[in-house]
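Shown next: coords_37.txt, containing compact mmCIF, C-alpha atoms and all ligand atoms.
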```txt
# COMPACT_ATOMS: atom_id res chain seq x y z
CA MET A 1 49.37 -107.33 -78.00
CA ILE A 2 49.88 -105.56 -81.24
CA GLY A 3 50.30 -101.84 -80.62
CA ARG A 4 50.69 -100.68 -84.18
CA LEU A 5 50.36 -102.48 -87.49
CA THR A 6 51.51 -101.29 -90.89
CA LEU A 7 50.96 -102.99 -94.23
CA SER A 8 52.54 -102.08 -97.52
CA ASP A 9 51.49 -103.64 -100.80
CA PHE A 10 49.89 -106.55 -98.96
CA ARG A 11 46.94 -107.95 -100.99
CA ASN A 12 44.62 -105.00 -101.73
CA HIS A 13 46.25 -102.73 -99.13
CA ALA A 14 48.81 -100.40 -100.71
CA ASP A 15 49.52 -98.67 -97.46
CA ALA A 16 47.59 -99.22 -94.24
CA LEU A 17 48.16 -98.20 -90.66
CA ILE A 18 46.20 -99.59 -87.73
CA VAL A 19 46.83 -98.48 -84.16
CA PRO A 20 44.70 -100.59 -81.81
CA ASP A 21 44.05 -98.86 -78.52
CA GLN A 22 41.42 -101.22 -77.14
CA PRO A 23 41.33 -104.99 -76.53
CA PHE A 24 38.96 -105.53 -79.47
CA VAL A 25 39.79 -104.49 -83.02
CA LEU A 26 36.70 -104.48 -85.21
CA LEU A 27 36.99 -104.44 -88.96
CA THR A 28 33.73 -103.87 -90.78
CA GLY A 29 33.06 -103.26 -94.43
CA ASP A 30 31.53 -104.73 -97.55
CA ASN A 31 32.42 -108.07 -99.09
CA GLY A 32 35.81 -107.91 -100.75
CA ALA A 33 36.83 -104.70 -98.94
CA GLY A 34 39.99 -106.23 -97.48
CA LYS A 35 39.00 -107.18 -93.92
CA THR A 36 40.23 -110.77 -94.03
CA ASN A 37 43.38 -109.55 -95.75
CA ILE A 38 44.20 -107.59 -92.60
CA LEU A 39 43.66 -110.67 -90.41
CA GLU A 40 45.85 -112.61 -92.81
CA ALA A 41 48.57 -109.97 -92.47
CA VAL A 42 48.44 -110.33 -88.67
CA SER A 43 48.57 -114.12 -89.00
CA MET A 44 51.85 -113.75 -90.90
CA LEU A 45 53.40 -112.47 -87.68
CA ALA A 46 53.50 -116.10 -86.59
CA PRO A 47 55.42 -119.01 -88.14
CA GLY A 48 53.75 -120.70 -91.10
CA ARG A 49 51.80 -119.66 -94.15
CA GLY A 50 49.13 -117.55 -92.51
CA LEU A 51 45.40 -118.06 -92.15
CA ARG A 52 44.77 -118.79 -95.81
CA GLY A 53 47.80 -121.05 -96.22
CA ALA A 54 48.49 -119.05 -99.36
CA ALA A 55 51.67 -118.70 -101.41
CA LEU A 56 53.70 -115.57 -100.69
CA ARG A 57 53.29 -114.43 -104.30
CA ALA A 58 49.54 -114.31 -103.89
CA MET A 59 49.95 -111.85 -101.01
CA THR A 60 51.87 -109.29 -103.03
CA ARG A 61 49.57 -106.49 -104.20
CA GLN A 62 48.69 -107.00 -107.83
CA ASP A 63 49.46 -103.47 -108.97
CA GLY A 64 52.38 -102.99 -106.60
CA GLY A 65 56.11 -103.27 -107.20
CA GLY A 66 56.38 -107.00 -106.40
CA SER A 67 57.26 -106.76 -102.72
CA PHE A 68 55.13 -106.59 -99.59
CA GLY A 69 55.77 -105.73 -95.98
CA ILE A 70 53.98 -106.21 -92.66
CA ALA A 71 55.28 -104.66 -89.46
CA ALA A 72 53.89 -104.68 -85.97
CA GLU A 73 54.98 -103.33 -82.66
CA VAL A 74 54.57 -105.94 -79.95
CA ASP A 75 55.55 -104.96 -76.41
CA GLY A 76 58.18 -102.55 -77.66
CA VAL A 77 59.68 -104.96 -80.22
CA VAL A 78 59.03 -104.50 -83.93
CA LEU A 79 58.21 -107.73 -85.75
CA GLY A 80 58.40 -107.48 -89.50
CA THR A 81 57.87 -109.85 -92.40
CA GLY A 82 57.53 -109.65 -96.15
CA VAL A 83 59.17 -110.41 -99.45
CA SER A 84 61.32 -108.32 -101.74
CA ALA A 85 60.65 -108.06 -105.48
CA ASP A 86 63.83 -109.93 -106.38
CA ALA A 87 62.91 -112.95 -104.19
CA PRO A 88 59.08 -113.07 -104.17
CA ASP A 89 58.96 -116.62 -102.77
CA ARG A 90 61.34 -116.10 -99.87
CA ARG A 91 59.81 -114.92 -96.65
CA GLN A 92 61.99 -112.48 -94.78
CA VAL A 93 61.55 -111.87 -91.09
CA ARG A 94 63.05 -109.20 -88.88
CA ILE A 95 62.68 -109.09 -85.14
CA GLY A 96 63.82 -105.87 -83.48
CA GLY A 97 65.55 -104.95 -86.74
CA VAL A 98 67.57 -108.18 -86.90
CA ALA A 99 67.06 -110.77 -89.64
CA SER A 100 65.50 -113.85 -88.01
CA SER A 101 63.77 -117.10 -88.87
CA ALA A 102 60.00 -117.17 -89.16
CA ASN A 103 59.93 -119.77 -86.39
CA ALA A 104 61.45 -117.24 -83.98
CA LEU A 105 58.26 -115.18 -84.25
CA ALA A 106 56.62 -117.73 -81.95
CA ASP A 107 58.80 -116.49 -79.08
CA HIS A 108 57.11 -113.08 -79.25
CA LEU A 109 53.51 -113.62 -80.14
CA SER A 110 51.01 -116.45 -80.24
CA ILE A 111 48.26 -116.05 -82.76
CA VAL A 112 45.25 -118.31 -83.25
CA TRP A 113 42.41 -117.88 -85.73
CA LEU A 114 39.00 -119.04 -86.74
CA THR A 115 37.83 -118.48 -90.31
CA PRO A 116 34.69 -119.43 -92.24
CA ALA A 117 36.77 -122.03 -94.10
CA MET A 118 37.22 -123.79 -90.75
CA ASP A 119 33.47 -124.46 -90.60
CA ARG A 120 34.43 -127.65 -92.42
CA LEU A 121 37.36 -128.49 -90.17
CA PHE A 122 35.74 -131.61 -88.70
CA LEU A 123 34.43 -132.78 -92.08
CA ASP A 124 37.47 -132.29 -94.27
CA SER A 125 40.69 -134.29 -94.37
CA PRO A 126 42.93 -134.55 -91.29
CA GLY A 127 45.51 -132.05 -92.63
CA GLY A 128 43.46 -129.00 -91.60
CA ARG A 129 42.81 -130.44 -88.14
CA ARG A 130 46.52 -131.17 -87.69
CA ARG A 131 47.37 -127.59 -88.67
CA PHE A 132 44.82 -126.32 -86.16
CA LEU A 133 46.23 -128.61 -83.46
CA ASP A 134 49.77 -127.49 -84.28
CA ARG A 135 48.79 -123.83 -84.20
CA LEU A 136 47.37 -124.34 -80.69
CA THR A 137 50.42 -126.36 -79.64
CA LEU A 138 52.82 -123.70 -80.92
CA ALA A 139 51.36 -121.18 -78.50
CA LEU A 140 52.49 -123.34 -75.55
CA HIS A 141 55.61 -124.79 -77.17
CA PRO A 142 57.36 -122.12 -79.28
CA GLY A 143 59.85 -124.74 -80.56
CA HIS A 144 57.04 -126.75 -82.16
CA ALA A 145 57.29 -125.13 -85.61
CA ALA A 146 61.02 -125.84 -85.83
CA HIS A 147 60.51 -129.52 -84.84
CA SER A 148 57.77 -129.75 -87.44
CA ALA A 149 59.93 -128.27 -90.21
CA ARG A 150 62.86 -130.56 -89.40
CA TYR A 151 60.63 -133.62 -89.15
CA GLU A 152 59.04 -132.90 -92.54
CA ALA A 153 62.42 -132.25 -94.17
CA ALA A 154 63.87 -135.53 -92.87
CA MET A 155 60.73 -137.41 -93.96
CA ARG A 156 60.89 -135.96 -97.49
CA ALA A 157 64.55 -136.98 -97.75
CA ARG A 158 63.74 -140.50 -96.46
CA ASN A 159 60.84 -140.86 -98.89
CA ARG A 160 63.17 -139.94 -101.76
CA LEU A 161 65.71 -142.57 -100.69
CA LEU A 162 63.02 -145.21 -100.35
CA THR A 163 62.10 -144.83 -104.03
CA ASP A 164 65.24 -146.89 -104.69
CA LEU A 165 65.62 -148.87 -101.51
CA ARG A 166 68.06 -151.43 -102.88
CA ARG A 167 70.62 -148.82 -103.85
CA ALA A 168 70.09 -146.50 -100.91
CA ASP A 169 72.70 -146.36 -98.17
CA PRO A 170 71.09 -147.91 -95.06
CA ALA A 171 73.24 -145.72 -92.80
CA TRP A 172 71.89 -142.62 -94.52
CA ILE A 173 68.31 -143.79 -94.19
CA GLY A 174 69.08 -144.60 -90.54
CA ALA A 175 70.40 -141.08 -89.95
CA LEU A 176 67.23 -139.57 -91.41
CA GLU A 177 65.11 -141.89 -89.30
CA ALA A 178 67.02 -140.77 -86.22
CA GLN A 179 66.11 -137.17 -87.08
CA MET A 180 62.50 -138.13 -87.63
CA ASP A 181 62.57 -139.95 -84.31
CA GLU A 182 63.97 -136.93 -82.46
CA HIS A 183 61.69 -134.30 -83.99
CA GLY A 184 58.64 -136.53 -84.41
CA THR A 185 58.77 -137.61 -80.78
CA ALA A 186 59.02 -133.96 -79.71
CA LEU A 187 56.07 -133.07 -81.96
CA ALA A 188 53.89 -135.83 -80.58
CA ALA A 189 54.85 -135.03 -76.98
CA ALA A 190 54.04 -131.32 -77.38
CA ARG A 191 50.67 -132.12 -78.95
CA ALA A 192 49.87 -134.63 -76.20
CA ASP A 193 50.80 -132.06 -73.55
CA LEU A 194 48.54 -129.45 -75.17
CA VAL A 195 45.62 -131.86 -75.42
CA ALA A 196 45.96 -133.02 -71.81
CA ARG A 197 46.11 -129.45 -70.52
CA LEU A 198 43.25 -128.30 -72.74
CA ASN A 199 41.04 -131.11 -71.46
CA ARG A 200 41.87 -130.16 -67.87
CA GLN A 201 41.03 -126.56 -68.69
CA LEU A 202 37.77 -127.57 -70.35
CA VAL A 203 36.58 -129.50 -67.30
CA ASP A 204 35.71 -126.19 -65.65
CA GLN A 205 33.93 -124.74 -68.68
CA PRO A 206 30.14 -124.63 -68.78
CA ASP A 207 28.25 -126.71 -71.37
CA GLU A 208 26.34 -123.62 -72.47
CA PRO A 209 26.26 -121.46 -74.49
CA PHE A 210 29.27 -123.04 -76.21
CA ALA A 211 29.46 -126.79 -76.41
CA ARG A 212 32.10 -128.40 -74.21
CA PRO A 213 34.44 -130.69 -76.11
CA LEU A 214 36.62 -133.63 -75.19
CA ILE A 215 39.77 -133.65 -77.27
CA ARG A 216 41.86 -136.64 -78.24
CA ILE A 217 44.61 -137.44 -80.65
CA ALA A 218 43.60 -140.17 -83.06
CA ARG A 219 46.36 -142.22 -84.59
CA GLU A 220 45.75 -143.25 -88.16
CA ASP A 221 49.08 -145.06 -88.04
CA GLY A 222 47.92 -147.30 -85.19
CA ALA A 223 49.05 -146.85 -81.60
CA SER A 224 52.39 -148.43 -80.83
CA ASP A 225 54.75 -148.52 -77.87
CA GLU A 226 57.70 -149.29 -80.10
CA PRO A 227 60.30 -146.49 -80.21
CA PHE A 228 59.49 -144.46 -83.31
CA GLY A 229 62.95 -144.71 -84.90
CA GLN A 230 62.90 -148.49 -84.53
CA ARG A 231 59.43 -148.66 -86.05
CA LEU A 232 60.53 -146.61 -89.06
CA ALA A 233 63.48 -148.95 -89.64
CA ARG A 234 61.19 -151.98 -89.42
CA GLU A 235 58.69 -150.45 -91.84
CA ARG A 236 61.13 -149.39 -94.57
CA ARG A 237 59.93 -151.98 -97.08
CA ARG A 238 56.30 -151.24 -96.46
CA ASP A 239 56.90 -147.50 -96.82
CA ALA A 240 58.96 -148.05 -99.97
CA ALA A 241 56.06 -150.01 -101.50
CA ALA A 242 53.57 -147.32 -100.47
CA GLY A 243 55.81 -144.54 -101.77
CA ARG A 244 55.49 -142.61 -98.50
CA THR A 245 56.01 -142.89 -94.76
CA LEU A 246 52.93 -144.47 -93.23
CA SER A 247 53.74 -144.07 -89.53
CA GLY A 248 54.43 -140.96 -87.53
CA PRO A 249 52.91 -137.78 -86.18
CA HIS A 250 52.11 -136.57 -89.71
CA ARG A 251 49.38 -139.24 -89.61
CA HIS A 252 47.88 -138.21 -86.29
CA ASP A 253 44.51 -136.51 -86.22
CA LEU A 254 42.54 -134.29 -83.87
CA ASP A 255 39.46 -136.03 -82.57
CA VAL A 256 36.79 -133.89 -80.87
CA ILE A 257 33.70 -135.14 -79.05
CA HIS A 258 30.69 -133.04 -78.02
CA ILE A 259 30.54 -134.12 -74.38
CA ALA A 260 26.88 -133.34 -73.61
CA LYS A 261 25.70 -135.18 -76.73
CA ASN A 262 28.40 -137.84 -76.62
CA GLN A 263 28.79 -137.31 -80.32
CA ALA A 264 31.75 -136.88 -82.66
CA ALA A 265 32.14 -133.28 -83.83
CA ALA A 266 31.73 -134.31 -87.48
CA LEU A 267 28.16 -135.44 -86.70
CA CYS A 268 27.21 -132.20 -84.95
CA SER A 269 25.40 -129.33 -86.67
CA THR A 270 27.41 -126.52 -88.25
CA GLY A 271 26.53 -124.22 -85.35
CA GLU A 272 27.49 -126.86 -82.80
CA GLN A 273 30.80 -127.45 -84.56
CA LYS A 274 31.54 -123.75 -84.44
CA ALA A 275 30.61 -123.69 -80.75
CA LEU A 276 33.05 -126.55 -80.10
CA LEU A 277 35.82 -124.65 -81.86
CA LEU A 278 35.04 -121.50 -79.89
CA SER A 279 35.17 -123.46 -76.64
CA ILE A 280 38.56 -124.84 -77.61
CA LEU A 281 39.83 -121.38 -78.50
CA LEU A 282 38.59 -119.83 -75.26
CA ALA A 283 40.06 -122.60 -73.10
CA HIS A 284 43.28 -122.37 -75.05
CA ALA A 285 43.49 -118.61 -74.51
CA ALA A 286 43.15 -119.10 -70.74
CA LEU A 287 45.81 -121.79 -70.81
CA VAL A 288 48.28 -119.73 -72.82
CA SER A 289 47.64 -116.72 -70.67
CA ALA A 290 48.44 -118.68 -67.49
CA ASP A 291 51.44 -120.39 -69.06
CA ARG A 292 53.13 -117.53 -70.88
CA GLY A 293 51.78 -114.61 -68.94
CA GLN A 294 50.43 -113.28 -72.21
CA PRO A 295 47.19 -114.35 -73.85
CA PRO A 296 47.20 -115.16 -77.57
CA VAL A 297 46.02 -112.72 -80.21
CA LEU A 298 42.76 -114.08 -81.60
CA LEU A 299 41.73 -113.49 -85.20
CA LEU A 300 38.04 -114.23 -85.65
CA ASP A 301 36.85 -113.87 -89.21
CA GLU A 302 33.08 -113.47 -89.39
CA VAL A 303 32.32 -115.34 -86.19
CA ALA A 304 29.53 -113.07 -85.03
CA ALA A 305 27.33 -113.35 -88.10
CA HIS A 306 25.89 -116.79 -87.40
CA LEU A 307 25.42 -116.50 -83.68
CA ASP A 308 22.08 -115.60 -82.14
CA PRO A 309 22.16 -112.37 -80.05
CA SER A 310 22.50 -114.10 -76.66
CA ARG A 311 25.36 -116.32 -77.84
CA ARG A 312 26.99 -113.30 -79.44
CA ALA A 313 26.86 -111.37 -76.16
CA ALA A 314 28.22 -114.41 -74.29
CA LEU A 315 31.03 -114.71 -76.81
CA PHE A 316 32.02 -111.07 -76.40
CA ASP A 317 32.04 -111.51 -72.60
CA ARG A 318 34.17 -114.64 -72.77
CA LEU A 319 36.56 -113.04 -75.26
CA ARG A 320 36.96 -110.05 -72.99
CA GLU A 321 37.79 -112.39 -70.10
CA THR A 322 40.76 -113.78 -72.04
CA GLY A 323 42.45 -110.42 -71.49
CA GLY A 324 43.99 -110.64 -74.94
CA GLN A 325 43.64 -108.76 -78.16
CA VAL A 326 40.81 -109.95 -80.37
CA TRP A 327 40.50 -108.97 -84.02
CA MET A 328 37.06 -109.50 -85.51
CA THR A 329 35.52 -108.87 -88.90
CA GLY A 330 31.93 -108.49 -90.06
CA THR A 331 29.94 -106.88 -92.82
CA GLU A 332 27.45 -105.32 -90.39
CA ASP A 333 28.34 -102.77 -87.74
CA SER A 334 25.12 -103.68 -85.95
CA LEU A 335 26.52 -107.11 -85.00
CA PHE A 336 28.89 -105.35 -82.65
CA ASN A 337 26.57 -102.72 -81.18
CA GLU A 338 26.78 -104.19 -77.68
CA LEU A 339 30.55 -104.44 -77.72
CA ASN A 340 32.45 -101.96 -75.58
CA GLY A 341 36.20 -101.50 -75.62
CA ALA A 342 36.76 -101.75 -79.34
CA THR A 343 38.90 -99.94 -81.87
CA ARG A 344 36.34 -99.67 -84.67
CA LEU A 345 37.66 -99.55 -88.19
CA HIS A 346 35.86 -99.36 -91.48
CA VAL A 347 37.53 -101.04 -94.45
CA THR A 348 36.67 -100.10 -97.99
CA ALA A 349 38.56 -101.02 -101.17
CA GLY A 350 41.86 -101.48 -99.37
CA HIS A 351 41.55 -98.36 -97.23
CA VAL A 352 41.13 -98.40 -93.47
CA PHE A 353 39.29 -95.61 -91.66
CA ARG A 354 38.57 -95.15 -88.00
CA SER A 355 34.83 -95.31 -87.50
CA ALA A 356 32.94 -93.01 -85.20
CA ALA A 357 32.63 -94.77 -81.83
N1 LIG B 401 47.39 -109.96 -104.27
C1 LIG B 401 46.32 -109.16 -104.33
N2 LIG B 401 46.42 -107.90 -104.85
C2 LIG B 401 45.36 -107.08 -104.90
N3 LIG B 401 44.13 -107.43 -104.45
C3 LIG B 401 43.99 -108.65 -103.91
C4 LIG B 401 45.06 -109.58 -103.83
N4 LIG B 401 44.61 -110.72 -103.27
C5 LIG B 401 43.32 -110.52 -103.01
N5 LIG B 401 42.92 -109.28 -103.40
C6 LIG B 401 41.61 -108.67 -103.29
O1 LIG B 401 41.25 -108.56 -101.92
C7 LIG B 401 39.85 -108.62 -101.81
C8 LIG B 401 39.42 -109.64 -100.78
O2 LIG B 401 39.72 -109.14 -99.58
P1 LIG B 401 39.21 -109.86 -98.27
O3 LIG B 401 39.17 -111.31 -98.44
O4 LIG B 401 40.03 -109.28 -97.20
O5 LIG B 401 37.72 -109.33 -98.23
P2 LIG B 401 36.74 -109.21 -97.01
O6 LIG B 401 36.60 -107.75 -96.71
O7 LIG B 401 37.17 -110.10 -95.91
O8 LIG B 401 35.41 -109.72 -97.70
P3 LIG B 401 34.28 -110.75 -97.25
O9 LIG B 401 33.35 -109.96 -96.36
O10 LIG B 401 33.65 -111.07 -98.54
O11 LIG B 401 34.94 -111.92 -96.59
C9 LIG B 401 39.28 -109.07 -103.14
O12 LIG B 401 38.69 -107.95 -103.76
C10 LIG B 401 40.52 -109.53 -103.89
O13 LIG B 401 40.40 -109.32 -105.24
```

Written as structure tokens, how would this file's structure read?
Amino acid sequence: MIGRLTLSDFRNHADALIVPDQPFVLLTGDNGAGKTNILEAVSMLAPGRGLRGAALRAMTRQDGGGSFGIAAEVDGVVLGTGVSADAPDRRQVRIGGVASSANALADHLSIVWLTPAMDRLFLDSPGGRRRFLDRLTLALHPGHAAHSARYEAAMRARNRLLTDLRRADPAWIGALEAQMDEHGTALAAARADLVARLNRQLVDQPDEPFARPLIRIAREDGASDEPFGQRLARERRRDAAAGRTLSGPHRHDLDVIHIAKNQAAALCSTGEQKALLLSILLAHAALVSADRGQPPVLLLDEVAAHLDPSRRAALFDRLRETGGQVWMTGTEDSLFNELNGATRLHVTAGHVFRSAA
């Protein structure tokens, strides 16, 4: 749980302080006030590029001095991240005052989010679904981000060598494939573990008011029992001709079925797709809570707006049951009238005020 959050020169917030003292943190305010920016700041307390997937430069306040900082107190440890003006593209991370890697943040806090952009998650390309899957996986397997980074780095290096296969040193390609094998196998295993446990968790969930999903990993690269490293070696020529690596966990996809309708998520209505995502998030929160003894922090950007009042009330109840901290945004205070146990904040033009309860 985040006990205290400070932002400096982050997006439109020159200087903001938020001290949550309730399980829910509600951010309300007009369009463009800076609500999502606060969720994005929180999302930067996890490995990766945050909930917008934006470049670090874009996060630096336009009229600021070229640096930004985010700091949060989590169970007595201060997690900090930001950039300095002389290195605006290099993310710096400090944990308990000590310079650390961004991936180490996953040992302290798991953070999962739902944003309006994810309304198209099941319709858009697999990349977004993989990022979502990996974000969920990271909460159970804190080493997942490091495996992912090393896998991608080895794959990029292999792809470069394959552009001139005849001159490339086969031993060097082999070494890179061994790294891809090691980290790719770990990636795939962690994802498979997450999916299996999520499905077990979802068995006990009701079909209403949120749709119950069945989750699978789809393999665009074709299922194969062949050891991954061996497969990469066998497919060198094919990959060289394609100009990229065609097999591996970077080509796996998240496949979600609406159980009651026996329908793929992509065919479901927008509201049903959102309900499927909420079910996944709620089941995931229960799983993480049981596994790590600490539920994830949930960042829900404008989730309440499109829910009818009874679903909204059910969502608040279910979120409360997770026992974790839930950050929510909305333009209307009235959407959250029935919600008890919330730190209510009003955001306007990059300023955050505590609202009257
Ligand atoms: N680097 C930056 N420096 C200064 N301002 C920025 C920067 N990046 C974005 N902004 C401003 O932040 C505002 C958007 O904030 P945000 O997305 O948090 O709004 P919001 O309150 O969530 O609005 P909505 O209800 O429309 O989603 C915009 O006015 C945008 O111009």

Can you write out as a Markdown table which residues of chain A fall within 9 Å of ligand LIG 401 (chain B), alongside each residue's closest atom pair and its distance in Å to one decimal, counting all atoms listed in the file and ordering rows by chain and ascending residue number?
```
| residue | atom | partner | partner_atom | distance |
| --- | --- | --- | --- | --- |
| A:Asp9 | CA | B:LIG401 | N2 | 7.8 |
| A:Phe10 | CA | B:LIG401 | N1 | 6.8 |
| A:Arg11 | CA | B:LIG401 | C1 | 3.6 |
| A:Asn12 | CA | B:LIG401 | N3 | 3.7 |
| A:His13 | CA | B:LIG401 | C2 | 7.3 |
| A:Ala14 | CA | B:LIG401 | C2 | 8.6 |
| A:Leu27 | CA | B:LIG401 | O6 | 8.4 |
| A:Thr28 | CA | B:LIG401 | O6 | 7.6 |
| A:Gly29 | CA | B:LIG401 | O6 | 6.2 |
| A:Asp30 | CA | B:LIG401 | O9 | 5.7 |
| A:Asn31 | CA | B:LIG401 | O10 | 3.3 |
| A:Gly32 | CA | B:LIG401 | O5 | 3.5 |
| A:Ala33 | CA | B:LIG401 | O6 | 3.8 |
| A:Gly34 | CA | B:LIG401 | O4 | 3.1 |
| A:Lys35 | CA | B:LIG401 | O6 | 3.7 |
| A:Thr36 | CA | B:LIG401 | O4 | 3.5 |
| A:Asn37 | CA | B:LIG401 | O4 | 3.7 |
| A:Ile38 | CA | B:LIG401 | O4 | 6.4 |
| A:Leu39 | CA | B:LIG401 | O4 | 7.8 |
| A:Glu40 | CA | B:LIG401 | O4 | 8.0 |
| A:Arg57 | CA | B:LIG401 | N1 | 7.4 |
| A:Ala58 | CA | B:LIG401 | N1 | 4.9 |
| A:Met59 | CA | B:LIG401 | N1 | 4.6 |
| A:Thr60 | CA | B:LIG401 | N1 | 4.7 |
| A:Arg61 | CA | B:LIG401 | N2 | 3.5 |
| A:Gln62 | CA | B:LIG401 | N2 | 3.9 |
| A:Asp63 | CA | B:LIG401 | N2 | 6.8 |
| A:Gly64 | CA | B:LIG401 | N2 | 7.9 |
| A:Pro116 | CA | B:LIG401 | O11 | 8.7 |
| A:Asp301 | CA | B:LIG401 | O7 | 7.7 |
| A:Glu302 | CA | B:LIG401 | O11 | 7.6 |
| A:Thr329 | CA | B:LIG401 | O7 | 7.3 |
| A:Gly330 | CA | B:LIG401 | O9 | 6.6 |
| A:Thr331 | CA | B:LIG401 | O9 | 5.8 |
| A:Val347 | CA | B:LIG401 | O6 | 7.1 |
| A:Thr348 | CA | B:LIG401 | O6 | 7.8 |
| A:Ala349 | CA | B:LIG401 | O12 | 7.4 |
| A:Gly350 | CA | B:LIG401 | O1 | 7.5 |
```

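Near Val352 of chain A, within 7 Å and counting all atoms listed in the file, sit Ala16, Leu345 and His346 of chain A, not including residues fewer than 6 positions from it in the same chain.
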
- request: With a distance cut-off of 10 Å and all atoms listed in the file, select the neighbouring residues of Gln205 of chain A, excluding the residue or stretch itself and same-chain residues fewer than 5 positions from it, and output the selection as a count of residues only.
  value: 9

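With distances restricted to all atoms listed in the file, A:Pro249 is the closest residue to Ser148 of chain A from A:Ala223, A:Pro249, A:Arg129, A:Arg52.
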
query: If we count all atoms listed in the file, what is near Ser101 of chain A at a cut-off of 12 Å, once residues fewer than 2 positions away on the same chain are taken out, given as a list in words?
result: Leu45, Ala46, Pro47, Gly48, Leu79, Gly80, Thr81, Arg90, Arg91, Gln92, Val93, Arg94, Ile95, Val98, Ala99, Asn103, Ala104, Leu105, Ala106, Asp107, Gly143, Ala145, Ala146 and Ala149 of chain A

Preceding selection exported with C-alpha atoms as an mmCIF file, in the coordinates of the input:
```
data_model
loop_
_atom_site.group_PDB
_atom_site.id
_atom_site.type_symbol
_atom_site.label_atom_id
_atom_site.label_comp_id
_atom_site.auth_asym_id
_atom_site.auth_seq_id
_atom_site.Cartn_x
_atom_site.Cartn_y
_atom_site.Cartn_z
ATOM 1 C CA LEU A 45 53.400 -112.470 -87.680
ATOM 2 C CA ALA A 46 53.500 -116.100 -86.590
ATOM 3 C CA PRO A 47 55.420 -119.010 -88.140
ATOM 4 C CA GLY A 48 53.750 -120.700 -91.100
ATOM 5 C CA LEU A 79 58.210 -107.730 -85.750
ATOM 6 C CA GLY A 80 58.400 -107.480 -89.500
ATOM 7 C CA THR A 81 57.870 -109.850 -92.400
ATOM 8 C CA ARG A 90 61.340 -116.100 -99.870
ATOM 9 C CA ARG A 91 59.810 -114.920 -96.650
ATOM 10 C CA GLN A 92 61.990 -112.480 -94.780
ATOM 11 C CA VAL A 93 61.550 -111.870 -91.090
ATOM 12 C CA ARG A 94 63.050 -109.200 -88.880
ATOM 13 C CA ILE A 95 62.680 -109.090 -85.140
ATOM 14 C CA VAL A 98 67.570 -108.180 -86.900
ATOM 15 C CA ALA A 99 67.060 -110.770 -89.640
ATOM 16 C CA ASN A 103 59.930 -119.770 -86.390
ATOM 17 C CA ALA A 104 61.450 -117.240 -83.980
ATOM 18 C CA LEU A 105 58.260 -115.180 -84.250
ATOM 19 C CA ALA A 106 56.620 -117.730 -81.950
ATOM 20 C CA ASP A 107 58.800 -116.490 -79.080
ATOM 21 C CA GLY A 143 59.850 -124.740 -80.560
ATOM 22 C CA ALA A 145 57.290 -125.130 -85.610
ATOM 23 C CA ALA A 146 61.020 -125.840 -85.830
ATOM 24 C CA ALA A 149 59.930 -128.270 -90.210
#
```

query: What is the distance between atom CA of Leu307 of chain A and atom CA of Ala41 of chain A, in Å to one decimal?
result: 25.6 Å

Could you pull out every residue with an atom within 9 Å of (33.3, -138.3, -86.4), file coordinates, counting only C-alpha atoms, and send them as a PDB file with C-alpha atoms, in the frame of the given file?
```
ATOM      1  CA  PHE A 122      35.740-131.610 -88.700  1.00  0.00           C
ATOM      2  CA  LEU A 123      34.430-132.780 -92.080  1.00  0.00           C
ATOM      3  CA  ASP A 255      39.460-136.030 -82.570  1.00  0.00           C
ATOM      4  CA  VAL A 256      36.790-133.890 -80.870  1.00  0.00           C
ATOM      5  CA  ILE A 257      33.700-135.140 -79.050  1.00  0.00           C
ATOM      6  CA  GLN A 263      28.790-137.310 -80.320  1.00  0.00           C
ATOM      7  CA  ALA A 264      31.750-136.880 -82.660  1.00  0.00           C
ATOM      8  CA  ALA A 265      32.140-133.280 -83.830  1.00  0.00           C
ATOM      9  CA  ALA A 266      31.730-134.310 -87.480  1.00  0.00           C
ATOM     10  CA  LEU A 267      28.160-135.440 -86.700  1.00  0.00           C
ATOM     11  CA  CYS A 268      27.210-132.200 -84.950  1.00  0.00           C
TER      12      CYS A 268
END
```

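Of the listed residues (A:Asp164, A:Glu182, A:Glu226, A:Glu73), A:Glu73 comes nearest to Leu109 of chain A; the distances count all atoms listed in the file.
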
- request: Please provide the set of residues having any atom within 9 Å of Leu335 of chain A, restricted to only C-alpha atoms, with same-chain residues fewer than 5 positions apart removed, written as a ChimeraX atom specification.
  value: /A:304-305,309,312,330

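Nearest-residue note for Val74 of chain A: choosing from A:Arg4, A:His306, A:His144, A:Arg236, the minimum distance belongs to A:Arg4, counting all atoms listed in the file.
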
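Using all atoms listed in the file, the nearest neighbour of Ser8 of chain A within the list A:Phe68, A:Phe24, A:Phe353, A:Tyr151 is A:Phe68.
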
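If you measure from each of A:Leu165, A:Ala139, A:Leu17, A:Ala178 to Asp193 of chain A using all atoms listed in the file, the closest one turns out to be A:Ala139.
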
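For the pair atom CA of Gln201 of chain A and atom CA of Gly3 of chain A, the separation is 29.0 Å.
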
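Proximity to Ile217 of chain A at 8 Å, evaluated using only C-alpha atoms and with sequence-adjacent residues fewer than 5 positions away removed, yields Ala192, Val195, His252, Asp253, Leu254 and Asp255 of chain A.
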
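Atom CA of Asp333 of chain A to atom CA of Asp308 of chain A spans 15.3 Å [interatomic distance, one decimal].
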